[in-house]
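Coordinates as given in my_file-v3.txt (compact mmCIF, C-alpha atoms):
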```
# COMPACT_ATOMS: atom_id res chain seq x y z
CA MET A 117 106.47 104.04 102.38
CA THR A 118 103.52 101.81 101.55
CA SER A 119 104.42 98.47 99.97
CA PHE A 120 103.45 98.01 96.34
CA THR A 121 104.01 95.82 93.28
CA PHE A 122 104.50 96.98 89.71
CA SER A 123 104.34 94.99 86.47
CA THR A 124 104.55 95.91 82.82
CA VAL A 125 105.47 94.71 79.32
CA PRO A 126 109.16 93.71 79.20
CA HIS A 127 110.00 95.10 75.75
CA LEU A 128 108.97 98.52 74.38
CA ILE A 129 109.87 99.98 70.99
CA SER A 130 109.00 103.64 70.35
CA GLU A 131 109.97 104.51 66.79
CA ALA A 132 108.13 105.99 63.84
CA GLY A 133 108.18 103.40 61.07
CA ALA A 134 108.95 100.45 63.36
CA ALA A 135 105.87 98.49 62.22
CA LYS A 136 107.46 98.14 58.79
CA ARG A 137 110.11 95.99 60.50
CA LEU A 138 107.57 93.77 62.24
CA GLY A 139 108.98 90.54 60.82
CA THR A 140 112.50 91.47 61.87
CA ILE A 141 111.29 92.34 65.37
CA ALA A 142 109.25 89.13 65.64
CA ALA A 143 112.24 87.06 64.53
CA GLN A 144 114.44 88.80 67.10
CA TYR A 145 112.18 88.00 70.05
CA PHE A 146 110.53 84.77 68.82
CA PRO A 147 112.99 83.08 66.45
CA ASN A 148 111.18 79.74 66.51
CA LYS A 149 107.67 80.98 65.69
CA ARG A 150 106.31 80.34 62.20
CA ARG A 151 102.54 81.07 62.11
CA ALA A 152 101.43 84.58 63.03
CA LEU A 153 97.89 85.89 63.37
CA ILE A 154 97.33 89.64 62.91
CA VAL A 155 94.25 90.82 64.79
CA THR A 156 92.76 94.07 63.49
CA ASP A 157 89.53 95.65 62.26
CA ASN A 158 88.33 95.83 58.68
CA GLY A 159 88.54 99.63 58.52
CA PHE A 160 92.21 99.69 59.44
CA LEU A 161 92.98 96.75 57.20
CA LYS A 162 91.58 98.70 54.23
CA THR A 163 93.97 101.62 54.84
CA GLY A 164 96.86 99.52 53.55
CA LEU A 165 98.97 100.44 56.56
CA VAL A 166 99.16 96.74 57.51
CA ASP A 167 100.68 95.72 54.17
CA ALA A 168 104.31 96.56 54.98
CA SER A 169 104.10 94.66 58.28
CA ILE A 170 102.66 91.60 56.54
CA ALA A 171 105.34 91.74 53.85
CA ASP A 172 108.14 91.91 56.41
CA LEU A 173 106.69 89.03 58.42
CA ARG A 174 106.59 86.89 55.27
CA ASN A 175 110.08 87.98 54.23
CA CYS A 176 111.28 86.72 57.59
CA GLY A 177 109.75 83.29 57.02
CA LEU A 178 106.46 83.57 58.90
CA ASN A 179 103.10 82.45 57.58
CA VAL A 180 100.56 85.21 58.17
CA SER A 181 96.84 84.89 58.82
CA ILE A 182 94.59 87.90 59.36
CA TYR A 183 91.53 88.22 61.56
CA SER A 184 89.83 91.53 60.73
CA ASP A 185 86.31 91.11 62.11
CA VAL A 186 87.01 93.02 65.33
CA VAL A 187 84.37 95.64 66.15
CA ALA A 188 84.24 98.34 68.81
CA ASP A 189 83.26 97.00 72.24
CA PRO A 190 83.84 93.45 70.98
CA PRO A 191 81.19 90.91 72.02
CA GLU A 192 82.00 87.39 73.16
CA ALA A 193 81.05 86.02 69.73
CA VAL A 194 83.86 87.98 68.07
CA VAL A 195 86.42 86.75 70.61
CA LEU A 196 85.34 83.12 70.17
CA SER A 197 85.35 83.44 66.37
CA ALA A 198 88.90 84.83 66.49
CA VAL A 199 90.03 82.01 68.79
CA ALA A 200 88.56 79.44 66.40
CA GLU A 201 90.49 81.05 63.53
CA ALA A 202 93.72 80.90 65.55
CA ARG A 203 93.21 77.23 66.40
CA LYS A 204 92.33 76.31 62.80
CA ASN A 205 95.57 77.86 61.55
CA GLU A 206 97.66 76.46 64.44
CA ILE A 207 98.89 79.97 65.29
CA ASP A 208 102.00 80.26 67.47
CA LEU A 209 102.31 84.09 67.55
CA VAL A 210 99.53 86.66 68.07
CA ILE A 211 99.87 90.28 66.91
CA GLY A 212 97.31 92.90 67.96
CA LEU A 213 97.36 95.75 65.43
CA GLY A 214 94.68 98.38 65.92
CA GLY A 215 92.79 100.26 68.59
CA GLY A 216 91.96 99.03 72.07
CA SER A 217 89.35 96.55 70.85
CA SER A 218 91.76 94.78 68.50
CA MET A 219 94.44 94.58 71.18
CA ASP A 220 91.93 93.35 73.77
CA VAL A 221 90.81 90.57 71.43
CA ALA A 222 94.45 89.69 70.68
CA LYS A 223 95.11 89.22 74.41
CA LEU A 224 92.22 86.81 74.76
CA ILE A 225 93.24 84.85 71.65
CA ALA A 226 96.70 84.45 73.17
CA VAL A 227 95.32 82.92 76.39
CA LEU A 228 92.43 80.94 74.86
CA ALA A 229 93.85 79.47 71.65
CA GLY A 230 96.01 76.89 73.39
CA SER A 231 93.86 76.41 76.46
CA GLU A 232 90.88 74.34 77.50
CA GLN A 233 89.66 77.14 79.79
CA GLU A 234 86.41 78.81 78.74
CA LEU A 235 86.13 82.58 78.35
CA GLN A 236 83.27 82.86 80.85
CA THR A 237 85.52 81.52 83.63
CA MET A 238 88.13 84.25 83.01
CA TYR A 239 86.02 87.28 83.91
CA GLY A 240 87.16 89.11 87.02
CA ILE A 241 90.62 89.50 88.51
CA GLY A 242 93.24 86.75 88.39
CA ASN A 243 91.11 84.00 86.89
CA VAL A 244 93.21 83.11 83.82
CA LYS A 245 94.97 79.76 84.18
CA GLY A 246 97.81 78.15 82.30
CA SER A 247 100.08 79.72 79.70
CA ARG A 248 99.54 81.83 76.58
CA LEU A 249 100.93 82.29 73.09
CA PRO A 250 103.59 84.97 72.48
CA LEU A 251 101.97 88.37 72.01
CA ILE A 252 103.02 91.58 70.23
CA GLN A 253 100.81 94.68 70.53
CA ILE A 254 100.86 97.66 68.14
CA PRO A 255 98.39 100.49 68.85
CA THR A 256 96.94 102.56 66.01
CA THR A 257 95.38 105.14 68.36
CA ALA A 258 96.97 107.06 71.21
CA GLY A 259 94.33 106.28 73.79
CA THR A 260 93.61 103.00 75.54
CA GLY A 261 97.14 102.01 76.47
CA SER A 262 95.93 98.44 75.98
CA GLU A 263 99.33 97.49 74.58
CA VAL A 264 100.76 97.59 78.12
CA THR A 265 97.79 96.64 80.31
CA PRO A 266 96.70 93.23 81.67
CA ILE A 267 93.03 94.01 81.01
CA SER A 268 90.65 92.97 78.25
CA ILE A 269 87.09 94.31 78.07
CA VAL A 270 84.34 92.20 76.49
CA THR A 271 80.69 93.06 75.86
CA THR A 272 78.57 90.33 77.40
CA GLY A 273 74.87 90.03 76.67
CA ALA A 274 73.26 93.04 75.02
CA THR A 275 75.08 95.91 76.70
CA THR A 276 77.04 94.81 79.77
CA LYS A 277 80.84 95.00 79.73
CA MET A 278 83.01 92.56 81.67
CA GLY A 279 86.74 92.66 82.27
CA VAL A 280 89.37 89.94 82.24
CA VAL A 281 92.24 91.12 84.43
CA SER A 282 95.32 88.94 84.69
CA PRO A 283 99.13 89.21 84.45
CA HIS A 284 98.81 86.64 81.63
CA LEU A 285 97.45 89.45 79.43
CA TYR A 286 100.65 91.51 79.49
CA ALA A 287 102.19 91.44 76.01
CA ASP A 288 105.79 90.45 75.36
CA VAL A 289 106.50 93.40 73.05
CA ALA A 290 104.73 96.73 72.50
CA ILE A 291 105.57 98.80 69.40
CA LEU A 292 104.68 102.50 69.20
CA ASP A 293 104.76 103.73 65.59
CA ALA A 294 103.29 107.17 64.88
CA GLU A 295 103.12 106.47 61.14
CA LEU A 296 100.12 104.21 61.87
CA THR A 297 98.19 107.10 63.48
CA VAL A 298 98.59 109.95 60.97
CA GLY A 299 95.26 109.19 59.29
CA LEU A 300 93.18 109.44 62.46
CA PRO A 301 90.47 112.13 62.17
CA PRO A 302 90.76 115.05 64.62
CA LYS A 303 87.75 113.97 66.69
CA VAL A 304 89.11 110.44 67.10
CA THR A 305 92.52 111.86 68.01
CA ALA A 306 90.82 114.07 70.60
CA ALA A 307 88.61 111.42 72.17
CA THR A 308 91.35 108.80 72.39
CA GLY A 309 93.82 111.38 73.71
CA ILE A 310 91.42 112.47 76.45
CA ASP A 311 90.87 108.79 77.27
CA ALA A 312 94.61 108.49 77.89
CA MET A 313 94.57 111.64 80.03
CA VAL A 314 91.72 110.14 82.09
CA HIS A 315 93.85 107.05 82.66
CA ALA A 316 96.62 109.20 84.09
CA ILE A 317 94.29 111.31 86.24
CA GLU A 318 92.47 108.29 87.67
CA ALA A 319 95.68 106.34 88.31
CA TYR A 320 97.13 109.33 90.19
CA THR A 321 94.09 109.55 92.46
CA THR A 322 93.11 105.87 92.79
CA LYS A 323 92.26 104.87 96.34
CA LEU A 324 93.83 101.45 96.73
CA LYS A 325 97.02 100.98 94.71
CA LYS A 326 98.51 104.45 94.13
CA ASN A 327 102.30 104.12 94.21
CA PRO A 328 105.43 106.14 93.37
CA LEU A 329 106.07 104.46 90.00
CA SER A 330 102.50 104.82 88.74
CA ASP A 331 102.50 108.45 89.96
CA MET A 332 105.68 109.24 88.02
CA LEU A 333 104.30 107.66 84.87
CA ALA A 334 100.95 109.44 85.23
CA ARG A 335 102.62 112.83 85.54
CA GLN A 336 104.86 112.26 82.52
CA ALA A 337 101.91 110.94 80.52
CA LEU A 338 99.82 114.02 81.31
CA SER A 339 102.69 116.30 80.34
CA LEU A 340 103.15 114.63 76.94
CA LEU A 341 99.43 114.39 76.24
CA SER A 342 98.44 117.90 77.31
CA ASP A 343 101.35 119.44 75.36
CA ASN A 344 100.56 117.59 72.14
CA ILE A 345 96.84 116.79 71.89
CA LEU A 346 95.76 120.05 70.26
CA VAL A 347 98.76 119.99 67.90
CA ALA A 348 97.94 116.41 66.83
CA CYS A 349 94.29 117.34 66.29
CA LYS A 350 95.18 120.40 64.21
CA ASP A 351 97.94 118.76 62.15
CA GLY A 352 97.48 115.00 61.99
CA LYS A 353 100.65 114.57 59.94
CA ASN A 354 102.88 116.01 62.67
CA LEU A 355 104.87 112.86 63.45
CA ALA A 356 106.60 114.32 66.50
CA ALA A 357 103.25 115.19 68.11
CA ARG A 358 101.78 111.82 67.12
CA GLN A 359 104.75 109.91 68.58
CA ALA A 360 104.52 111.96 71.79
CA MET A 361 100.80 111.11 72.04
CA LEU A 362 101.52 107.39 71.62
CA LEU A 363 104.22 107.54 74.28
CA GLY A 364 101.94 109.46 76.63
CA ALA A 365 99.10 106.98 76.14
CA MET A 366 101.47 104.07 76.76
CA LEU A 367 102.84 105.63 79.96
CA ALA A 368 99.29 106.26 81.15
CA GLY A 369 98.52 102.63 80.36
CA GLN A 370 101.44 101.44 82.46
CA SER A 371 100.24 103.71 85.25
CA PHE A 372 96.61 102.59 85.42
CA ALA A 373 97.57 98.94 84.87
CA ASN A 374 99.15 99.16 88.33
CA ALA A 375 97.00 101.86 89.95
CA PRO A 376 93.52 101.11 88.56
CA CYS A 377 90.91 103.45 87.11
CA ALA A 378 87.78 104.45 88.97
CA ALA A 379 84.45 106.26 88.63
CA VAL A 380 85.05 108.02 85.31
CA HIS A 381 85.43 104.65 83.64
CA ALA A 382 82.63 103.09 85.70
CA LEU A 383 80.19 105.74 84.48
CA ALA A 384 81.57 105.72 80.93
CA TYR A 385 81.08 101.99 80.37
CA PRO A 386 77.24 102.08 80.32
CA ILE A 387 77.32 105.01 77.87
CA GLY A 388 79.39 102.92 75.48
CA GLY A 389 77.62 99.65 76.16
CA ILE A 390 74.04 100.93 75.82
CA PHE A 391 74.42 103.79 73.33
CA HIS A 392 77.49 102.60 71.40
CA VAL A 393 79.39 105.81 72.08
CA PRO A 394 83.17 105.34 71.55
CA HIS A 395 84.98 104.65 74.81
CA GLY A 396 87.21 107.74 74.80
CA LEU A 397 84.28 110.05 74.13
CA SER A 398 82.25 108.34 76.88
CA ASN A 399 85.04 109.09 79.34
CA SER A 400 85.32 112.69 78.17
CA LEU A 401 81.58 113.29 78.58
CA VAL A 402 81.53 112.41 82.28
CA LEU A 403 85.08 113.48 83.23
CA PRO A 404 84.51 117.07 84.46
CA HIS A 405 81.47 116.03 86.46
CA VAL A 406 83.25 113.13 88.18
CA LEU A 407 86.21 115.39 88.96
CA ARG A 408 83.84 117.88 90.56
CA PHE A 409 82.18 115.09 92.56
CA ASN A 410 85.55 113.72 93.75
CA ALA A 411 87.02 117.12 94.62
CA PRO A 412 86.13 117.03 98.35
CA ASN A 413 88.35 113.95 98.70
CA ALA A 414 90.88 114.40 95.90
CA ALA A 415 91.46 118.16 95.54
CA PRO A 416 95.08 118.08 96.82
CA LEU A 417 96.01 115.48 94.21
CA TYR A 418 94.04 117.18 91.43
CA ALA A 419 95.87 120.40 92.35
CA GLU A 420 99.21 118.67 91.76
CA LEU A 421 98.07 117.58 88.31
CA ALA A 422 96.80 121.08 87.53
CA HIS A 423 100.40 122.29 87.58
CA ILE A 424 101.03 120.00 84.57
CA VAL A 425 97.83 120.44 82.58
CA ALA A 426 97.13 124.09 83.49
CA PRO A 427 100.55 125.43 84.53
CA GLY A 428 99.24 128.91 85.26
CA ALA A 429 96.93 127.62 87.98
CA THR A 430 97.40 129.24 91.39
CA GLY A 431 95.58 129.56 94.69
CA SER A 432 94.00 126.92 96.89
CA ALA A 433 93.77 123.23 96.08
CA GLU A 434 90.13 123.78 95.22
CA ALA A 435 90.98 126.63 92.84
CA ARG A 436 93.65 124.57 91.10
CA THR A 437 91.25 121.62 90.86
CA GLN A 438 88.81 123.93 89.10
CA ALA A 439 91.64 124.98 86.76
CA LEU A 440 92.24 121.30 85.92
CA ILE A 441 88.53 120.79 85.21
CA ASP A 442 88.39 123.95 83.10
CA ARG A 443 91.45 122.93 81.09
CA MET A 444 90.09 119.45 80.34
CA ASP A 445 86.77 121.01 79.32
CA ASP A 446 88.61 123.53 77.14
CA ILE A 447 90.54 120.76 75.34
CA ALA A 448 87.30 118.93 74.57
CA ARG A 449 85.60 122.08 73.27
CA ARG A 450 88.55 123.22 71.17
CA THR A 451 88.78 119.84 69.46
CA GLY A 452 85.08 119.91 68.59
CA ILE A 453 84.02 116.65 70.23
CA GLU A 454 80.66 116.38 71.97
CA THR A 455 80.56 117.67 75.55
CA GLN A 456 77.00 116.78 76.61
CA LEU A 457 75.19 113.45 76.83
CA ARG A 458 72.22 114.79 74.87
CA GLN A 459 74.55 115.36 71.91
CA VAL A 460 75.07 111.59 71.64
CA GLY A 461 71.38 110.73 71.86
CA ILE A 462 70.94 110.31 75.62
CA ALA A 463 67.81 111.75 77.26
CA GLU A 464 66.81 112.34 80.87
CA SER A 465 64.63 109.24 80.69
CA ASP A 466 67.82 107.17 80.18
CA LEU A 467 69.59 108.33 83.35
CA ASP A 468 68.13 105.72 85.69
CA ARG A 469 69.21 102.90 83.42
CA LEU A 470 72.69 104.39 83.14
CA ALA A 471 72.96 104.75 86.92
CA ASP A 472 71.82 101.15 87.47
CA ASN A 473 74.42 99.89 85.02
CA ALA A 474 77.19 102.04 86.47
CA MET A 475 76.66 100.52 89.92
CA LEU A 476 77.51 97.10 88.46
CA GLN A 477 81.08 98.31 87.79
CA THR A 478 82.31 97.40 91.27
CA ARG A 479 85.82 96.55 90.00
CA LEU A 480 86.23 100.24 89.14
CA LEU A 481 84.09 101.97 91.75
CA THR A 482 86.04 100.44 94.61
CA ASN A 483 89.10 102.46 93.48
CA ASN A 484 87.36 105.85 93.50
CA PRO A 485 88.64 108.39 96.04
CA ARG A 486 85.04 109.11 97.08
CA GLU A 487 82.28 106.53 97.48
CA VAL A 488 79.70 106.67 94.68
CA THR A 489 76.11 105.77 95.51
CA ARG A 490 73.45 105.04 92.94
CA SER A 491 71.98 108.49 93.62
CA ASP A 492 75.42 110.08 93.11
CA ALA A 493 75.82 108.31 89.77
CA ARG A 494 72.47 109.55 88.56
CA ASP A 495 73.30 113.11 89.66
CA ILE A 496 76.61 112.97 87.75
CA TYR A 497 74.83 111.80 84.61
CA ALA A 498 72.23 114.56 85.08
CA ALA A 499 75.01 117.16 85.32
CA ALA A 500 76.55 115.78 82.12
CA LEU A 501 73.23 115.82 80.22
```

Could you rewrite the structure in this file as structure tokens?
Amino acid sequence: MTSFTFSTVPHLISEAGAAKRLGTIAAQYFPNKRRALIVTDNGFLKTGLVDASIADLRNCGLNVSIYSDVVADPPEAVVLSAVAEARKNEIDLVIGLGGGSSMDVAKLIAVLAGSEQELQTMYGIGNVKGSRLPLIQIPTTAGTGSEVTPISIVTTGATTKMGVVSPHLYADVAILDAELTVGLPPKVTAATGIDAMVHAIEAYTTKLKKNPLSDMLARQALSLLSDNILVACKDGKNLAARQAMLLGAMLAGQSFANAPCAAVHALAYPIGGIFHVPHGLSNSLVLPHVLRFNAPNAAPLYAELAHIVAPGATGSAEARTQALIDRMDDIARRTGIETQLRQVGIAESDLDRLADNAMLQTRLLTNNPREVTRSDARDIYAAAL
């Protein structure tokens, strides 16, 4: 058996309604902390779903500050503004409460607020130094798995995305509470759910760090997600389906945190960075075309996953791979999300720029089961157009 390492968040709570006990949970794990910063976005803050968490934190003796200026694909300026807020209020506990962007910003606050290290020196793998503040993560979408990953994505410059990857970014506690996700629109539920499924698929087929634990988690994640995504899209108030989606997304997050993502994400990042397409939808748009491209190298593994996602699939590895592709395409179409790049404002004249940007994502491309050239990337974008 090939040697491997595996890391994850030490404490997980999966319980509908758990966020209402946030103060109690914080006091249990961090009894000496007194000044908490909740990191979220303004849209979620306005839902009122944060109010019970804030009240319980205060009831348990914590002072609460709120940073709600997080935006999708957060730029460096947002991260630095949030860090300044944390320092001003002498924060000793950081709580990410929102989608992937809010949780990514929370991670960086935790490592920057008490450090002299500059953000620019953290980009890449293993470049975070020193310690961090205690960190609780609470996702409000079943997608990124950011609550259990050591990765934070920042938009640098106009469109380029950079990653900070470090064990320092693992949270201390992750809380999965389906009550926070019941208001998600069907298309957001679909795109974030497919994002989580992509995490599982890419982790299962990653070239360099595939291992038995990540494989097990990826399979269980795909089972939960594929069984529940259409139910959650059709009936957003179905708490059982919503909780299953959160659990599936978290398991997929644990999987790809240890067996990293590859070309789907590499090609999705420029779509989000340049055209401001949500991350999950960007992944969904290129997914079937990357799977087709990878099939010569990854068909046996895709065939294993087809048994989970498309249980009726039979025949050769190639036939079952096609069944997996067809099923993922069917999920996207049945949920009503866009399935072509032109539907999100991308034209053929944009493909060269997308391909150039995709080739900068070496951290991801190196994990792909098949080498991707610049010409390959452009062809995949052309197929997705």

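With distances restricted to only C-alpha atoms, A:Leu324 is the closest residue to Thr118 in chain A from A:Leu296, A:Ile462, A:Ala188, A:Leu324.
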
Looking at only C-alpha atoms, which of A:Leu417, A:Ala375, A:Val393, A:Met313 is the one that sits closest to Ile453 in chain A? A:Val393

Tell me which protein, DNA and RNA residues are within 12 Å of Ala200 in chain A, counting all atoms listed in the file, leaving out same-chain ones fewer than 4 positions away, and put them as number ranges by chain. A: 153, 183, 193-196, 204-207, 224-226, 228-231

What separates CA of Gln456 in chain A and CA of Leu407 in chain A is a distance of 15.5 Å

Could you please give me, as a CSV table (one decimal) with C-alpha atoms, in the frame of the given file, the residues of protein, DNA or RNA lying at most 12 Å from (103.9, 96.9, 97.9) in the coordinate frame of the file, considering all atoms listed in the file?
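Ended up saving to result18.csv:
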```
chain,number,residue,atom,x,y,z
A,117,MET,CA,106.5,104.0,102.4
A,118,THR,CA,103.5,101.8,101.6
A,119,SER,CA,104.4,98.5,100.0
A,120,PHE,CA,103.4,98.0,96.3
A,121,THR,CA,104.0,95.8,93.3
A,122,PHE,CA,104.5,97.0,89.7
A,123,SER,CA,104.3,95.0,86.5
A,324,LEU,CA,93.8,101.4,96.7
A,325,LYS,CA,97.0,101.0,94.7
A,326,LYS,CA,98.5,104.4,94.1
A,327,ASN,CA,102.3,104.1,94.2
A,328,PRO,CA,105.4,106.1,93.4
A,329,LEU,CA,106.1,104.5,90.0
A,374,ASN,CA,99.2,99.2,88.3
A,375,ALA,CA,97.0,101.9,90.0
```

Go through A:Asp293, A:Asp468, A:Asp208, A:Glu454 one by one, measure the shortest atom-to-atom distance of each to Ala357 in chain A using only C-alpha atoms, and give the residue with the smallest value. A:Asp293

Per residue of range 118-230 of chain A within 9 Å of range 264-267 of chain A, what are the shortest atom pair and its distance in Å to one decimal, counting all atoms listed in the file, with rows by chain and residue number, as JSON lines?
```
{"residue": "A:Thr124", "atom": "CA", "partner": "A:Val264", "partner_atom": "CA", "distance": 6.3}
{"residue": "A:Val125", "atom": "CA", "partner": "A:Val264", "partner_atom": "CA", "distance": 5.6}
{"residue": "A:Asp220", "atom": "CA", "partner": "A:Ile267", "partner_atom": "CA", "distance": 7.4}
{"residue": "A:Lys223", "atom": "CA", "partner": "A:Ile267", "partner_atom": "CA", "distance": 8.4}
```
